[in-house]
>>> print(open('query15.cif').read())   # mmCIF, C-alpha atoms
data_model
#
loop_
_atom_site.label_atom_id
_atom_site.label_comp_id
_atom_site.auth_asym_id
_atom_site.auth_seq_id
_atom_site.Cartn_x
_atom_site.Cartn_y
_atom_site.Cartn_z
CA MET A 1 138.33 109.64 106.44
CA ALA A 2 135.45 111.78 107.55
CA THR A 3 136.44 114.58 109.83
CA LEU A 4 134.51 115.59 112.93
CA ARG A 5 132.92 118.41 111.04
CA ASP A 6 131.75 116.11 108.22
CA ILE A 7 130.04 113.82 110.70
CA LYS A 8 128.38 116.71 112.43
CA ARG A 9 127.08 118.01 109.13
CA LYS A 10 125.72 114.60 108.24
CA ILE A 11 123.91 114.29 111.56
CA SER A 12 122.17 117.59 111.15
CA SER A 13 121.20 116.74 107.57
CA ILE A 14 119.66 113.45 108.66
CA ASN A 15 117.86 115.21 111.46
CA SER A 16 116.15 117.53 109.04
CA THR A 17 115.26 114.61 106.77
CA GLN A 18 113.68 112.97 109.76
CA THR A 19 111.60 116.04 110.43
CA ILE A 20 110.30 115.90 106.89
CA THR A 21 109.49 112.20 106.93
CA ARG A 22 107.79 112.54 110.30
CA THR A 23 105.61 115.34 108.97
CA MET A 24 104.79 113.37 105.84
CA LYS A 25 103.80 110.46 107.97
CA MET A 26 101.42 112.60 109.97
CA VAL A 27 99.92 114.14 106.84
CA SER A 28 99.38 110.67 105.40
CA ALA A 29 97.79 109.51 108.63
CA ALA A 30 95.27 112.33 108.44
CA LYS A 31 94.59 111.65 104.77
CA LEU A 32 94.26 107.96 105.45
CA ARG A 33 91.60 108.59 108.05
CA ARG A 34 89.59 110.66 105.59
CA ALA A 35 90.00 108.12 102.81
CA GLN A 36 88.98 105.33 105.14
CA GLU A 37 85.77 107.15 105.96
CA GLU A 38 85.02 107.48 102.29
CA LEU A 39 85.78 103.82 101.75
CA GLU A 40 83.48 102.81 104.61
CA LYS A 41 80.67 104.81 103.05
CA ILE A 42 80.76 103.06 99.72
CA LYS A 43 81.80 99.64 100.97
CA ASP A 44 78.33 98.31 101.86
CA TYR A 45 76.90 99.46 98.58
CA ALA A 46 79.73 98.02 96.52
CA VAL A 47 79.66 94.67 98.28
CA LYS A 48 75.89 94.34 98.04
CA MET A 49 75.95 95.45 94.43
CA GLU A 50 78.50 92.77 93.60
CA GLU A 51 76.46 90.08 95.37
CA LEU A 52 73.24 91.16 93.74
CA THR A 53 74.76 91.29 90.28
CA GLY A 54 76.27 87.85 90.83
CA ARG A 55 72.88 86.40 91.72
CA VAL A 56 70.96 88.16 89.00
CA VAL A 57 73.24 87.27 86.10
CA LYS A 58 73.48 83.67 87.27
CA ASN A 59 71.96 81.31 84.71
CA MET A 60 71.16 84.16 82.41
CA PRO A 61 71.15 83.22 78.76
CA GLU A 62 74.45 84.56 77.47
CA ASP A 63 72.93 86.69 74.76
CA ALA A 64 70.89 88.63 77.31
CA HIS A 65 73.50 91.33 77.50
CA PRO A 66 76.64 91.93 75.42
CA LEU A 67 78.74 92.40 78.55
CA LEU A 68 77.90 88.88 79.71
CA VAL A 69 79.08 87.12 76.58
CA ALA A 70 82.54 85.65 76.84
CA ARG A 71 84.08 85.90 73.38
CA GLU A 72 85.19 82.66 71.86
CA GLU A 73 88.39 84.10 70.56
CA VAL A 74 90.20 86.39 72.93
CA LYS A 75 92.87 88.22 70.98
CA LYS A 76 93.13 91.61 72.57
CA VAL A 77 93.29 92.10 76.30
CA LEU A 78 93.10 95.26 78.35
CA ILE A 79 94.40 95.70 81.87
CA VAL A 80 93.07 98.53 83.99
CA SER A 81 95.87 99.35 86.43
CA VAL A 82 95.10 101.70 89.27
CA GLY A 83 98.04 103.38 90.97
CA SER A 84 98.93 106.86 92.17
CA ASP A 85 100.51 110.05 90.91
CA ARG A 86 102.99 110.43 93.71
CA GLY A 87 105.78 108.30 94.99
CA LEU A 88 107.36 107.91 98.43
CA CYS A 89 104.87 105.21 99.26
CA GLY A 90 107.05 102.13 99.25
CA ALA A 91 106.35 99.43 96.72
CA PHE A 92 102.77 100.57 96.18
CA ASN A 93 103.10 101.61 92.55
CA THR A 94 105.82 99.12 91.72
CA ASN A 95 103.56 96.26 92.73
CA ILE A 96 100.78 97.44 90.45
CA GLY A 97 103.24 97.99 87.62
CA LEU A 98 104.84 94.60 88.18
CA HIS A 99 101.52 92.79 87.92
CA ALA A 100 100.72 94.45 84.61
CA GLN A 101 104.24 93.88 83.33
CA ASN A 102 104.36 90.23 84.36
CA PHE A 103 101.01 89.55 82.78
CA THR A 104 102.23 91.14 79.56
CA LEU A 105 105.49 89.18 79.58
CA GLN A 106 103.83 85.86 80.29
CA ASN A 107 101.06 86.20 77.75
CA HIS A 108 102.51 88.23 74.93
CA ASP A 109 102.62 85.30 72.52
CA LYS A 110 99.11 84.21 73.48
CA TYR A 111 97.39 87.45 72.55
CA GLU A 112 97.60 89.81 69.65
CA ARG A 113 97.62 92.89 71.83
CA ILE A 114 97.83 93.59 75.52
CA GLY A 115 96.98 97.15 76.42
CA VAL A 116 97.05 98.89 79.76
CA TYR A 117 94.61 101.56 80.91
CA VAL A 118 96.45 103.42 83.64
CA PHE A 119 95.58 105.57 86.61
CA GLY A 120 98.48 107.46 88.16
CA ARG A 121 101.66 109.04 86.88
CA LYS A 122 104.02 106.67 88.68
CA VAL A 123 102.51 103.55 87.18
CA ARG A 124 102.42 105.13 83.76
CA ASP A 125 106.10 106.08 83.93
CA TYR A 126 106.99 102.64 85.18
CA LEU A 127 105.17 100.91 82.32
CA GLN A 128 106.34 103.40 79.73
CA ARG A 129 109.95 102.68 80.59
CA ARG A 130 109.23 99.00 80.08
CA LYS A 131 107.62 99.58 76.69
CA VAL A 132 104.18 98.40 77.65
CA ASP A 133 101.34 99.41 75.34
CA ILE A 134 99.48 102.17 77.20
CA VAL A 135 96.00 102.77 75.88
CA LYS A 136 95.15 105.71 78.07
CA SER A 137 96.42 107.27 81.25
CA TRP A 138 94.65 109.34 83.84
CA ILE A 139 97.03 111.75 85.54
CA ASP A 140 96.32 114.34 88.20
CA VAL A 141 92.85 113.16 89.04
CA LYS A 142 91.79 115.67 91.65
CA LYS A 143 88.72 114.01 92.98
CA ILE A 144 87.09 110.66 92.51
CA ASP A 145 83.48 111.41 91.75
CA GLN A 146 80.51 110.14 89.81
CA GLU A 147 81.40 112.17 86.77
CA LEU A 148 84.87 110.70 86.45
CA VAL A 149 83.60 107.21 87.10
CA SER A 150 80.90 107.35 84.47
CA GLU A 151 83.36 108.70 81.93
CA VAL A 152 85.74 105.83 82.62
CA ALA A 153 82.92 103.28 82.65
CA ASP A 154 81.54 104.51 79.32
CA GLU A 155 84.97 104.41 77.77
CA LEU A 156 85.74 100.90 78.98
CA ILE A 157 82.36 99.58 77.90
CA GLY A 158 82.90 101.28 74.54
CA LEU A 159 86.34 99.72 74.09
CA TYR A 160 84.84 96.32 74.78
CA LEU A 161 81.70 96.64 72.70
CA ASN A 162 83.34 98.01 69.57
CA GLY A 163 85.74 95.10 69.56
CA GLU A 164 88.84 97.08 70.48
CA PHE A 165 89.40 94.58 73.28
CA ASP A 166 87.96 91.15 74.00
CA LYS A 167 88.60 90.98 77.69
CA ILE A 168 89.27 93.49 80.46
CA TYR A 169 91.15 92.87 83.68
CA LEU A 170 91.06 95.14 86.68
CA SER A 171 94.10 95.58 88.91
CA TYR A 172 94.20 97.72 92.04
CA THR A 173 95.42 97.63 95.61
CA HIS A 174 92.93 96.23 98.07
CA PHE A 175 92.95 97.92 101.46
CA ARG A 176 92.92 95.12 104.00
CA SER A 177 94.08 97.20 106.93
CA ALA A 178 96.34 100.14 107.67
CA VAL A 179 99.35 97.81 107.69
CA LYS A 180 98.32 95.36 104.99
CA GLN A 181 97.40 96.07 101.39
CA GLU A 182 97.26 93.54 98.59
CA VAL A 183 97.25 93.80 94.85
CA VAL A 184 94.09 92.46 93.24
CA PHE A 185 94.19 91.25 89.65
CA GLU A 186 90.82 90.04 88.46
CA GLU A 187 88.70 89.53 85.41
CA PHE A 188 86.34 92.42 84.98
CA VAL A 189 84.57 92.34 81.61
CA PRO A 190 82.81 90.20 80.44
CA ILE A 191 81.11 89.71 83.76
CA LYS A 192 81.70 86.24 85.04
CA THR A 193 79.32 84.39 87.26
CA SER A 194 80.87 82.54 90.11
CA ASP A 195 79.89 78.93 90.74
CA GLU A 196 79.45 79.53 94.44
CA VAL A 197 76.44 81.74 93.92
CA GLU A 198 73.19 79.84 94.06
CA TYR A 199 70.52 80.45 91.50
CA ILE A 200 67.40 82.16 92.78
CA ASP A 201 64.22 82.05 90.78
CA TYR A 202 63.02 85.59 91.33
CA LEU A 203 59.71 87.07 90.50
CA CYS A 204 60.96 89.93 88.35
CA GLU A 205 59.51 93.29 87.50
CA PRO A 206 59.75 94.27 84.68
CA ASP A 207 61.64 91.19 83.42
CA ARG A 208 65.02 89.78 84.19
CA ILE A 209 66.64 91.04 81.03
CA LYS A 210 65.48 94.60 81.61
CA ILE A 211 66.79 94.49 85.14
CA VAL A 212 70.13 93.15 83.97
CA GLU A 213 70.29 95.92 81.39
CA SER A 214 69.99 98.64 83.99
CA LEU A 215 71.99 96.79 86.64
CA ILE A 216 75.14 96.14 84.63
CA PRO A 217 76.18 99.73 83.88
CA ARG A 218 75.70 100.53 87.53
CA TYR A 219 77.68 97.50 88.55
CA ILE A 220 80.57 98.51 86.29
CA GLY A 221 80.51 102.06 87.61
CA THR A 222 80.40 100.97 91.22
CA LYS A 223 83.24 98.55 90.70
CA ILE A 224 85.46 101.25 89.20
CA TYR A 225 84.55 103.73 91.90
CA TYR A 226 85.28 101.20 94.59
CA ALA A 227 88.62 100.23 93.05
CA LEU A 228 89.66 103.89 92.87
CA VAL A 229 88.71 104.60 96.46
CA GLU A 230 90.39 101.43 97.70
CA SER A 231 93.53 102.29 95.81
CA GLN A 232 93.56 105.80 97.23
CA THR A 233 93.14 104.51 100.76
CA SER A 234 95.88 101.96 100.24
CA GLU A 235 98.18 104.62 98.86
CA HIS A 236 97.92 106.72 102.00
CA ALA A 237 98.38 103.67 104.19
CA ALA A 238 101.43 102.61 102.19
CA ARG A 239 102.92 106.08 102.38
CA MET A 240 102.26 106.25 106.08
CA SER A 241 104.09 103.03 106.82
CA SER A 242 107.01 103.80 104.52
CA MET A 243 107.43 107.22 106.10
CA GLU A 244 107.22 105.61 109.49
CA ASN A 245 110.06 103.30 108.47
CA ALA A 246 112.05 106.19 107.10
CA THR A 247 111.65 108.08 110.37
CA THR A 248 112.82 105.09 112.39
CA ASN A 249 115.77 104.56 110.07
CA CYS A 250 116.76 108.20 110.41
CA GLY A 251 116.69 107.81 114.18
CA ASP A 252 118.94 104.74 114.02
CA MET A 253 121.32 106.51 111.69
CA VAL A 254 121.59 109.55 113.95
CA LYS A 255 122.23 107.31 116.94
CA TYR A 256 125.01 105.49 115.13
CA LEU A 257 126.61 108.66 113.80
CA THR A 258 126.48 110.33 117.22
CA LEU A 259 128.35 107.37 118.64
CA VAL A 260 130.99 107.62 115.94
CA TYR A 261 131.20 111.36 116.46
CA ASN A 262 131.77 111.04 120.24
CA LYS A 263 134.33 108.31 119.82
CA ARG A 264 136.20 110.34 117.26
CA ARG A 265 136.10 113.43 119.50
CA GLN A 266 137.43 111.55 122.50
CA GLU A 267 140.14 110.02 120.39
CA SER A 268 141.33 113.41 119.21
CA ILE A 269 141.31 114.79 122.77
CA THR A 270 143.35 111.82 123.95
CA ASN A 271 145.80 112.35 121.12
CA GLU A 272 146.13 116.01 121.93
CA MET A 273 146.77 115.30 125.59
CA MET A 274 149.39 112.74 124.73
CA ASP A 275 151.08 115.33 122.54
CA ILE A 276 151.13 117.86 125.36
CA VAL A 277 152.39 115.37 127.93
CA GLY A 278 154.99 114.16 125.47
CA GLY A 279 156.05 117.76 124.80
CA ALA A 280 156.34 118.56 128.53
CA GLU A 281 158.39 115.38 129.16
CA ALA A 282 160.74 116.35 126.39
CA LEU A 283 161.19 119.88 127.78
CA ARG A 284 161.97 118.61 131.32
CA GLY A 285 164.66 116.36 129.97
CA THR A 286 166.79 119.28 128.84
CA MET B 287 59.51 90.46 110.87
CA LEU B 288 61.46 91.59 107.84
CA SER B 289 65.06 92.60 107.94
CA LEU B 290 65.41 95.75 105.91
CA GLU B 291 68.58 97.25 104.53
CA VAL B 292 68.56 100.53 102.68
CA ILE B 293 71.94 101.19 101.13
CA THR B 294 73.19 104.10 99.02
CA PRO B 295 76.72 104.84 97.82
CA GLU B 296 76.80 107.55 100.48
CA LYS B 297 75.96 105.37 103.44
CA THR B 298 73.76 102.65 104.84
CA LEU B 299 70.62 104.49 105.82
CA VAL B 300 68.57 101.73 107.41
CA LYS B 301 69.51 98.37 108.87
CA GLU B 302 66.77 97.08 111.11
CA GLU B 303 63.81 94.76 111.62
CA VAL B 304 60.56 96.16 110.29
CA ASP B 305 56.96 95.00 109.80
CA ILE B 306 56.22 96.19 106.31
CA VAL B 307 58.02 97.87 103.42
CA GLU B 308 56.28 99.73 100.63
CA ALA B 309 57.91 101.13 97.50
CA LYS B 310 57.28 102.01 93.90
CA GLY B 311 58.56 99.41 91.45
CA ALA B 312 58.59 99.11 87.69
CA TYR B 313 54.93 98.05 87.64
CA GLY B 314 53.70 100.42 90.32
CA GLU B 315 53.52 100.38 94.09
CA PHE B 316 54.11 97.18 95.98
CA GLY B 317 54.21 96.18 99.59
CA ILE B 318 56.41 93.55 101.21
CA LEU B 319 55.25 91.57 104.21
CA PRO B 320 56.95 88.60 105.85
CA GLY B 321 56.64 85.46 103.70
CA HIS B 322 56.90 87.32 100.42
CA THR B 323 58.13 85.38 97.42
CA GLN B 324 61.66 85.95 96.05
CA PHE B 325 61.31 89.20 94.28
CA LEU B 326 63.49 91.50 92.22
CA THR B 327 62.58 94.83 90.72
CA THR B 328 63.89 98.15 89.63
CA LEU B 329 62.72 101.08 91.73
CA GLU B 330 61.29 104.23 90.29
CA ILE B 331 61.89 107.73 91.54
CA GLY B 332 59.46 108.25 94.39
CA GLU B 333 58.87 107.21 97.93
CA ILE B 334 59.68 104.31 100.22
CA ARG B 335 57.76 103.68 103.42
CA TYR B 336 58.45 101.19 106.13
CA THR B 337 56.64 100.63 109.38
CA LYS B 338 58.11 99.43 112.60
CA GLU B 339 55.95 98.98 115.68
CA GLY B 340 53.29 101.31 114.30
CA VAL B 341 55.74 104.07 113.38
CA THR B 342 56.04 104.78 109.68
CA SER B 343 59.18 106.31 108.19
CA HIS B 344 59.30 107.94 104.81
CA LEU B 345 62.25 108.12 102.45
CA SER B 346 62.57 109.79 99.10
CA VAL B 347 64.41 107.75 96.47
CA GLY B 348 66.02 108.48 93.15
CA GLY B 349 65.88 105.05 91.56
CA GLY B 350 67.58 101.79 92.33
CA PHE B 351 66.95 98.10 92.88
CA ALA B 352 64.98 96.05 95.38
CA GLU B 353 65.63 92.45 96.22
CA VAL B 354 63.58 90.27 98.53
CA VAL B 355 64.90 86.87 99.58
CA GLU B 356 63.62 84.94 102.58
CA ASP B 357 62.29 87.93 104.50
CA LYS B 358 65.42 89.93 103.79
CA VAL B 359 64.74 93.13 101.91
CA VAL B 360 67.72 94.85 100.35
CA LEU B 361 67.21 98.19 98.65
CA LEU B 362 70.18 99.45 96.65
CA LEU B 363 69.52 103.07 95.84
CA ASP B 364 71.35 105.74 93.88
CA VAL B 365 70.20 108.45 96.25
CA ALA B 366 67.86 108.41 99.20
CA GLU B 367 66.95 110.73 102.02
CA PHE B 368 64.84 110.51 105.12
CA ALA B 369 61.85 112.83 105.03
CA VAL B 370 63.18 114.80 108.00
CA ASP B 371 66.50 115.42 106.29
CA ILE B 372 65.05 116.85 103.11
CA ASP B 373 65.78 120.48 102.44
CA VAL B 374 62.42 121.53 100.98
CA GLU B 375 63.68 124.91 99.90
CA ARG B 376 66.47 123.35 97.88
CA ALA B 377 64.14 120.78 96.38
CA ARG B 378 61.73 123.51 95.35
CA LYS B 379 64.54 125.46 93.71
CA ALA B 380 65.70 122.34 91.90
CA MET B 381 62.16 121.78 90.70
CA GLU B 382 61.85 125.31 89.36
CA ARG B 383 65.21 125.08 87.68
CA ALA B 384 64.34 121.78 86.01
CA GLU B 385 60.97 123.11 84.91
CA SER B 386 62.43 126.19 83.29
CA VAL B 387 65.11 124.17 81.48
CA LEU B 388 62.53 121.69 80.26
CA LYS B 389 60.50 124.47 78.67
CA THR B 390 63.42 125.36 76.44
CA LEU B 391 64.06 121.78 75.33
CA SER B 392 62.08 119.49 73.10
CA ALA B 393 61.43 115.87 73.98
CA GLU B 394 63.96 114.70 71.40
CA ASP B 395 66.94 116.38 73.03
CA ASN B 396 69.40 114.15 74.81
CA GLU B 397 69.35 116.36 77.83
CA TYR B 398 65.60 116.31 78.10
CA ARG B 399 65.58 113.05 79.98
CA ILE B 400 68.26 114.17 82.43
CA HIS B 401 66.27 117.23 83.41
CA GLU B 402 63.04 115.31 83.47
CA MET B 403 64.59 112.92 85.98
CA ALA B 404 65.82 115.85 88.03
CA LEU B 405 62.31 117.27 88.05
CA LEU B 406 60.81 113.95 89.13
CA ARG B 407 63.36 113.62 91.91
CA ALA B 408 62.61 117.13 93.17
CA ILE B 409 58.86 116.47 93.13
CA ALA B 410 59.37 113.19 94.98
CA ARG B 411 61.44 114.91 97.64
CA ILE B 412 58.89 117.66 98.14
CA SER B 413 56.02 115.24 98.43
CA VAL B 414 57.88 113.00 100.87
CA ALA B 415 58.89 115.97 102.97
CA SER B 416 55.32 117.21 103.17
CA LYS B 417 54.16 113.82 104.48
CA ASN B 418 56.53 114.13 107.34
CA LEU B 419 54.93 117.40 108.39
CA GLY B 420 51.38 116.15 107.97
#
>>> encode(input="query15.cif", output="structure tokens")
Amino acid sequence: MATLRDIKRKISSINSTQTITRTMKMVSAAKLRRAQEELEKIKDYAVKMEELTGRVVKNMPEDAHPLLVAREEVKKVLIVSVGSDRGLCGAFNTNIGLHAQNFTLQNHDKYERIGVYVFGRKVRDYLQRRKVDIVKSWIDVKKIDQELVSEVADELIGLYLNGEFDKIYLSYTHFRSAVKQEVVFEEFVPIKTSDEVEYIDYLCEPDRIKIVESLIPRYIGTKIYYALVESQTSEHAARMSSMENATTNCGDMVKYLTLVYNKRRQESITNEMMDIVGGAEALRGT
Amino acid sequence: MLSLEVITPEKTLVKEEVDIVEAKGAYGEFGILPGHTQFLTTLEIGEIRYTKEGVTSHLSVGGGFAEVVEDKVVLLLDVAEFAVDIDVERARKAMERAESVLKTLSAEDNEYRIHEMALLRAIARISVASKNLG
């Protein structure tokens, strides 16, 4: 049974944990605000770029661009999983890892090879432990910028064009709001045209194929950039809410332990008093 | 009236109703007025002008795409700046730097094109900025 001193020690330890989680929550809140600003900046561009690309590639002859051709035989599939380097953000990385893992488990007899292209240490470790084929991992990415994005875009396009992979999926966490983030798992390359988009017969300068040729690399780059920024924003939001929970839980725990502590203290005082009274009674009797 | 949107990865620069938009496309300068046909083009490094109630605004652009559908003009640009925001001194320095690098390279080098683009961008920015003053 825990003594009074043990309980007291526990309370103070939980108190200091609470201080840490509270601070982490505040740090994440500040980072989230910054990330949200960055996300806002690129959002319009990314959305418009996606719409425009959808309209332009609609009804294009398939051979117009190699990234538009869906291969008849899909043998090797690549999943681009975007997560984070650091933990303490709830199920953020686990969700991304789970999606990649589930896809691999469900389809491993359908395809010859399923590779994963990973962002973030936590996701990499998760998948490595589960023996998933990791093609490449980006760890300790300091800043998401154009340089990084074009390197990734070139590499992915290269992997597709030289036949290393026949299809590429993109998986990241979509930032819906500060309290809600969802994992997205979508087909990325070859670029698919959605049926909802209506075909527009543009007057094109120079010609449609040339436009598609310069549009597609930019589309790919923007998509990657957007996914990285969304994931980063989601990470901070996820960390903020999990630290918030941790802080609340610490508070509950301290409350409960304080109650136990007081009860135990009173009990021991009562016992002591009974001892004294009992002792005095015994003395008077003689 | 045309609804014009000028969007860069940095931010949405313009979102308003305008009377006319002029820009430099793959086949040279073009102007968009209400009732224009559905139109799609790549944009060259250079200038974009639009006029609203007699006031003309100038922007420098570093390439992108223009789409016109039913009096909606969407310009997706890699980089763009309003004439007033251009730092002429910096642009001039960038121009000099690009020029000096270009002298050391031959047209076959891979980097030649990168620096040539940088030079064109700097020239475009300087010329747009000077219009704002004049």
>>> residues_around(input="query15.cif", residues="region 376-382 of chain B", least_positions_apart="5", cutoff="9 Å", atoms="all atoms listed in the file", output="number ranges by chain")
B: 387, 404-409, 411-412
>>> write_last_selection(input="query15.cif", atoms="C-alpha atoms", output="mmCIF file, keeping the file's coordinate frame")
data_model
loop_
_atom_site.group_PDB
_atom_site.id
_atom_site.type_symbol
_atom_site.label_atom_id
_atom_site.label_comp_id
_atom_site.auth_asym_id
_atom_site.auth_seq_id
_atom_site.Cartn_x
_atom_site.Cartn_y
_atom_site.Cartn_z
ATOM 1 C CA VAL B 387 65.110 124.170 81.480
ATOM 2 C CA ALA B 404 65.820 115.850 88.030
ATOM 3 C CA LEU B 405 62.310 117.270 88.050
ATOM 4 C CA LEU B 406 60.810 113.950 89.130
ATOM 5 C CA ARG B 407 63.360 113.620 91.910
ATOM 6 C CA ALA B 408 62.610 117.130 93.170
ATOM 7 C CA ILE B 409 58.860 116.470 93.130
ATOM 8 C CA ARG B 411 61.440 114.910 97.640
ATOM 9 C CA ILE B 412 58.890 117.660 98.140
#
>>> interface_residues(input="query15.cif", of="chain A", to="chain B", cutoff="9 Å", atoms="all atoms listed in the file", output="NGL selection string")
:A and (38 or 40-46 or 48-49 or 52 or 56 or 200-208 or 210-211 or 214-215 or 222)
>>> residues_around(input="query15.cif", residues="Lys417 (chain B)", least_positions_apart="6", cutoff="10 Å", atoms="only C-alpha atoms", output="PyMOL selection string")
chain B and resi 343-344+369-370
>>> closest_residue(input="query15.cif", among="A:Thr17, A:Ser81, A:Thr193, A:Asn162", to="Leu228 (chain A)", atoms="only C-alpha atoms")
A:Ser81
>>> axis_aligned_box(input="query15.cif", around="region 342-352 of chain B", padding_each_side="6 Å", output="lines of an AutoDock Vina configuration file")
center_x = 61.8
center_y = 102.9
center_z = 100.6
size_x = 23.5
size_y = 25.7
size_z = 30.1
>>> residues_around(input="query15.cif", residues="Arg264 (chain A)", least_positions_apart="6", cutoff="12 Å", atoms="all atoms listed in the file", output="list in words")
Met1, Ala2, Thr3, Leu4, Arg5, Asp6, Ile7, Lys8, Leu257, Thr258, Thr270 and Asn271 of chain A
>>> residues_near_point(input="query15.cif", point="(99.5, 96.3, 94.7)", cutoff="6 Å", atoms="only C-alpha atoms", output="tab-separated table (two decimals) with C-alpha atoms, keeping the file's coordinate frame")
chain	number	residue	atom	x	y	z
A	92	PHE	CA	102.77	100.57	96.18
A	95	ASN	CA	103.56	96.26	92.73
A	96	ILE	CA	100.78	97.44	90.45
A	173	THR	CA	95.42	97.63	95.61
A	182	GLU	CA	97.26	93.54	98.59
A	183	VAL	CA	97.25	93.80	94.85
>>> residues_near_point(input="query15.cif", point="(61.3, 100.8, 101.2)", cutoff="7 Å", atoms="all atoms listed in the file", output="ChimeraX atom specification")
/B:307-309,334-336,361
>>> atom_distance(input="query15.cif", atom1="CA of Glu235 (chain A)", atom2="CA of Glu51 (chain A)")
26.4 Å
>>> atom_distance(input="query15.cif", atom1="CA of Met240 (chain A)", atom2="CA of Met24 (chain A)")
7.6 Å
>>> residues_around(input="query15.cif", residues="Ser392 (chain B)", least_positions_apart="5", cutoff="12 Å", atoms="all atoms listed in the file", output="ChimeraX atom specification")
/B:387,397-399,401-402
>>> residues_around(input="query15.cif", residues="Ala153 (chain A)", least_positions_apart="6", cutoff="8 Å", atoms="all atoms listed in the file", output="PyMOL selection string")
chain A and resi 217+220-221+224
>>> atom_distance(input="query15.cif", atom1="CA of Phe188 (chain A)", atom2="CA of His99 (chain A)")
15.5 Å
>>> closest_residue(input="query15.cif", among="A:Lys255, A:His108, A:Arg121, A:His65", to="Leu161 (chain A)", atoms="only C-alpha atoms")
A:His65
>>> resolve_selection(input="query15.cif", expression="the PyMOL selection byres ((chain A and resi 75) around 8)", output="list in words")
Glu73, Val74, Lys76, Val77, Lys110, Tyr111, Glu112, Arg113, Phe165 and Asp166 of chain A
>>> resolve_selection(input="query15.cif", expression="the PyMOL selection byres ((chain B and resi 290) around 8)", output="list of chain:residue names")
B:Leu288, B:Ser289, B:Glu291, B:Val292, B:Val300, B:Lys301, B:Glu302, B:Glu303, B:Val304, B:Lys358, B:Val359, B:Val360, B:Leu361
>>> closest_residue(input="query15.cif", among="B:Asp357, B:Glu385, B:Glu375, B:Glu339", to="Asp305 (chain B)", atoms="only C-alpha atoms")
B:Glu339
